[in-house]
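> I'm passing along model05.txt; it holds compact mmCIF, N, CA and C atoms.
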# COMPACT_ATOMS: atom_id res chain seq x y z
N MET A 174 89.34 163.22 159.95
CA MET A 174 89.04 162.94 158.55
C MET A 174 89.58 164.05 157.65
N ALA A 175 89.33 165.30 158.02
CA ALA A 175 89.78 166.43 157.21
C ALA A 175 91.29 166.53 157.25
N ILE A 176 91.89 166.18 158.38
CA ILE A 176 93.35 166.24 158.50
C ILE A 176 93.99 165.19 157.60
N ASP A 177 93.40 164.00 157.53
CA ASP A 177 93.93 162.96 156.65
C ASP A 177 93.86 163.39 155.18
N LEU A 178 92.78 164.02 154.81
CA LEU A 178 92.63 164.52 153.43
C LEU A 178 93.66 165.60 153.14
N MET A 179 93.83 166.52 154.12
CA MET A 179 94.81 167.60 153.95
C MET A 179 96.22 167.03 153.84
N ASN A 180 96.55 166.05 154.67
CA ASN A 180 97.85 165.42 154.60
C ASN A 180 98.07 164.75 153.25
N SER A 181 97.06 164.09 152.73
CA SER A 181 97.17 163.42 151.44
C SER A 181 97.41 164.43 150.32
N VAL A 182 96.68 165.54 150.36
CA VAL A 182 96.84 166.58 149.34
C VAL A 182 98.24 167.18 149.42
N LEU A 183 98.72 167.46 150.63
CA LEU A 183 100.06 168.03 150.78
C LEU A 183 101.14 167.05 150.32
N ILE A 184 100.96 165.77 150.57
CA ILE A 184 101.92 164.77 150.10
C ILE A 184 101.96 164.73 148.58
N VAL A 185 100.80 164.80 147.94
CA VAL A 185 100.74 164.82 146.48
C VAL A 185 101.42 166.07 145.94
N ILE A 186 101.17 167.21 146.57
CA ILE A 186 101.80 168.46 146.14
C ILE A 186 103.31 168.38 146.30
N LEU A 187 103.79 167.80 147.39
CA LEU A 187 105.23 167.63 147.60
C LEU A 187 105.85 166.71 146.56
N ILE A 188 105.18 165.64 146.23
CA ILE A 188 105.69 164.72 145.21
C ILE A 188 105.79 165.41 143.86
N ILE A 189 104.77 166.18 143.51
CA ILE A 189 104.80 166.92 142.24
C ILE A 189 105.93 167.96 142.26
N ALA A 190 106.11 168.65 143.40
CA ALA A 190 107.17 169.65 143.51
C ALA A 190 108.55 168.99 143.37
N PHE A 191 108.75 167.85 144.02
CA PHE A 191 110.03 167.13 143.91
C PHE A 191 110.28 166.68 142.48
N PHE A 192 109.23 166.28 141.78
CA PHE A 192 109.37 165.87 140.39
C PHE A 192 109.85 167.05 139.54
N PHE A 193 109.24 168.22 139.73
CA PHE A 193 109.65 169.39 138.96
C PHE A 193 111.05 169.87 139.33
N ILE A 194 111.41 169.76 140.60
CA ILE A 194 112.77 170.12 141.02
C ILE A 194 113.78 169.20 140.33
N ASN A 195 113.48 167.92 140.30
CA ASN A 195 114.37 166.97 139.63
C ASN A 195 114.45 167.27 138.14
N LEU A 196 113.34 167.59 137.53
CA LEU A 196 113.31 167.92 136.10
C LEU A 196 114.14 169.18 135.82
N MET A 197 114.02 170.19 136.66
CA MET A 197 114.81 171.41 136.47
C MET A 197 116.30 171.14 136.68
N ASN A 198 116.63 170.27 137.62
CA ASN A 198 118.03 169.92 137.86
C ASN A 198 118.64 169.24 136.63
N VAL A 199 117.91 168.35 136.01
CA VAL A 199 118.38 167.68 134.79
C VAL A 199 118.59 168.71 133.68
N ARG A 200 117.65 169.64 133.54
CA ARG A 200 117.77 170.68 132.50
C ARG A 200 118.97 171.59 132.76
N ILE A 201 119.22 171.93 134.02
CA ILE A 201 120.38 172.77 134.35
C ILE A 201 121.67 172.05 133.99
N LYS A 202 121.74 170.75 134.26
CA LYS A 202 122.93 169.98 133.90
C LYS A 202 123.13 169.97 132.38
N GLN A 203 122.03 169.83 131.62
CA GLN A 203 122.13 169.86 130.15
C GLN A 203 122.63 171.22 129.68
N LEU A 204 122.12 172.28 130.24
CA LEU A 204 122.54 173.63 129.84
C LEU A 204 124.01 173.88 130.20
N ASN A 205 124.45 173.39 131.36
CA ASN A 205 125.86 173.53 131.73
C ASN A 205 126.75 172.78 130.75
N TYR A 206 126.31 171.60 130.33
CA TYR A 206 127.07 170.84 129.34
C TYR A 206 127.15 171.62 128.02
N ASP A 207 126.04 172.21 127.61
CA ASP A 207 126.03 173.00 126.37
C ASP A 207 126.94 174.22 126.48
N ILE A 208 126.95 174.87 127.63
CA ILE A 208 127.82 176.04 127.82
C ILE A 208 129.28 175.63 127.76
N ASP A 209 129.62 174.52 128.40
CA ASP A 209 131.01 174.04 128.34
C ASP A 209 131.41 173.69 126.91
N ASP A 210 130.48 173.11 126.17
CA ASP A 210 130.77 172.76 124.77
C ASP A 210 131.00 174.03 123.94
N LEU A 211 130.18 175.04 124.16
CA LEU A 211 130.35 176.30 123.42
C LEU A 211 131.65 177.00 123.81
N LYS A 212 132.01 176.95 125.08
CA LYS A 212 133.26 177.57 125.52
C LYS A 212 134.46 176.92 124.83
N SER A 213 134.41 175.61 124.68
CA SER A 213 135.53 174.92 124.05
C SER A 213 135.63 175.29 122.57
N ARG A 214 134.52 175.61 121.94
CA ARG A 214 134.54 176.02 120.53
C ARG A 214 135.04 177.45 120.36
N VAL A 215 134.71 178.31 121.32
CA VAL A 215 135.00 179.73 121.20
C VAL A 215 136.43 180.05 121.65
N THR A 216 136.94 179.30 122.59
CA THR A 216 138.25 179.57 123.14
C THR A 216 139.31 179.47 122.06
N ILE A 217 140.14 180.50 121.97
CA ILE A 217 141.19 180.54 120.95
C ILE A 217 142.53 180.35 121.67
N THR A 218 143.36 179.50 121.13
CA THR A 218 144.65 179.22 121.76
C THR A 218 145.69 180.22 121.28
N ASP A 219 146.82 180.23 121.95
CA ASP A 219 147.93 181.12 121.58
C ASP A 219 148.43 180.80 120.18
N GLU A 220 148.50 179.51 119.86
CA GLU A 220 148.99 179.11 118.54
C GLU A 220 148.05 179.60 117.44
N GLU A 221 146.76 179.49 117.68
CA GLU A 221 145.80 179.96 116.68
C GLU A 221 145.88 181.47 116.50
N LEU A 222 146.06 182.18 117.60
CA LEU A 222 146.17 183.63 117.53
C LEU A 222 147.44 184.05 116.78
N THR A 223 148.53 183.37 117.05
CA THR A 223 149.79 183.66 116.36
C THR A 223 149.66 183.37 114.86
N ARG A 224 149.06 182.25 114.53
CA ARG A 224 148.87 181.89 113.13
C ARG A 224 147.96 182.90 112.43
N LEU A 225 146.91 183.32 113.11
CA LEU A 225 145.99 184.29 112.52
C LEU A 225 146.68 185.63 112.27
N SER A 226 147.47 186.10 113.24
CA SER A 226 148.17 187.37 113.03
C SER A 226 149.20 187.25 111.91
N LYS A 227 149.84 186.11 111.80
CA LYS A 227 150.79 185.90 110.71
C LYS A 227 150.08 185.89 109.35
N ASP A 228 148.93 185.24 109.29
CA ASP A 228 148.16 185.22 108.05
C ASP A 228 147.69 186.63 107.67
N ILE A 229 147.33 187.43 108.64
CA ILE A 229 146.90 188.80 108.36
C ILE A 229 148.08 189.61 107.82
N GLU A 230 149.23 189.46 108.43
CA GLU A 230 150.41 190.17 107.95
C GLU A 230 150.79 189.73 106.53
N ASP A 231 150.69 188.44 106.26
CA ASP A 231 150.96 187.94 104.91
C ASP A 231 149.96 188.49 103.91
N PHE A 232 148.70 188.61 104.33
CA PHE A 232 147.68 189.13 103.45
C PHE A 232 147.92 190.61 103.13
N LYS A 233 148.42 191.36 104.12
CA LYS A 233 148.71 192.78 103.91
C LYS A 233 149.83 192.96 102.88
N LYS A 234 150.74 192.01 102.80
CA LYS A 234 151.88 192.11 101.91
C LYS A 234 151.51 191.82 100.46
N ILE A 235 150.37 191.19 100.24
CA ILE A 235 149.96 190.84 98.89
C ILE A 235 149.44 192.09 98.17
N ASP A 236 149.93 192.31 96.98
CA ASP A 236 149.45 193.45 96.17
C ASP A 236 148.29 192.96 95.31
N ILE A 237 147.20 193.63 95.46
CA ILE A 237 146.01 193.24 94.68
C ILE A 237 145.77 194.30 93.62
Could I get this structure in the form of C-alpha cells?


Amino acid sequence: MAIDLMNSVLIVILIIAFFFINLMNVRIKQLNYDIDDLKSRVTITDEELTRLSKDIEDFKKIDI
C-alpha cells in the first residue's frame, strides 16, 4: 500500500518535472531567436562600414 502511494507521488513529481523541462526548453528557444534577431541588427557589413568612413571624411572636410 505504501509503495503504491510512493510510486504515485514519484510519478506526479516526474510529470511536473517534465512539464517544467519542456517549459524551459521553449523559453530557451525563444531567447535564442531573440539573440539571433539582435545579432542581425548589430552586425555591420563592409559596405556600411565603407559608407560610414566616407561620410566621416566628408564631414571633416566641411568648414563650420

> Record the distance separating atom N of Asn205 in chain A and atom C of Ala190 in chain A, expressed in Å with one decimal.

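Interatomic distance, atom N of Asn205 in chain A to atom C of Ala190 in chain A: 20.4 Å.
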
> Give me, please, the distance in Å between CA of Ala175 in chain A and atom N of Asn195 in chain A, quoted to one decimal.

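According to the coordinates, CA of Ala175 in chain A and atom N of Asn195 in chain A are separated by 29.2 Å.
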
> I'd like the interatomic distance between atom N of Val199 in chain A and atom C of Ser181 in chain A, to a tenth of an Å.

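Computing the Euclidean distance for atom N of Val199 in chain A and atom C of Ser181 in chain A yields 25.3 Å.
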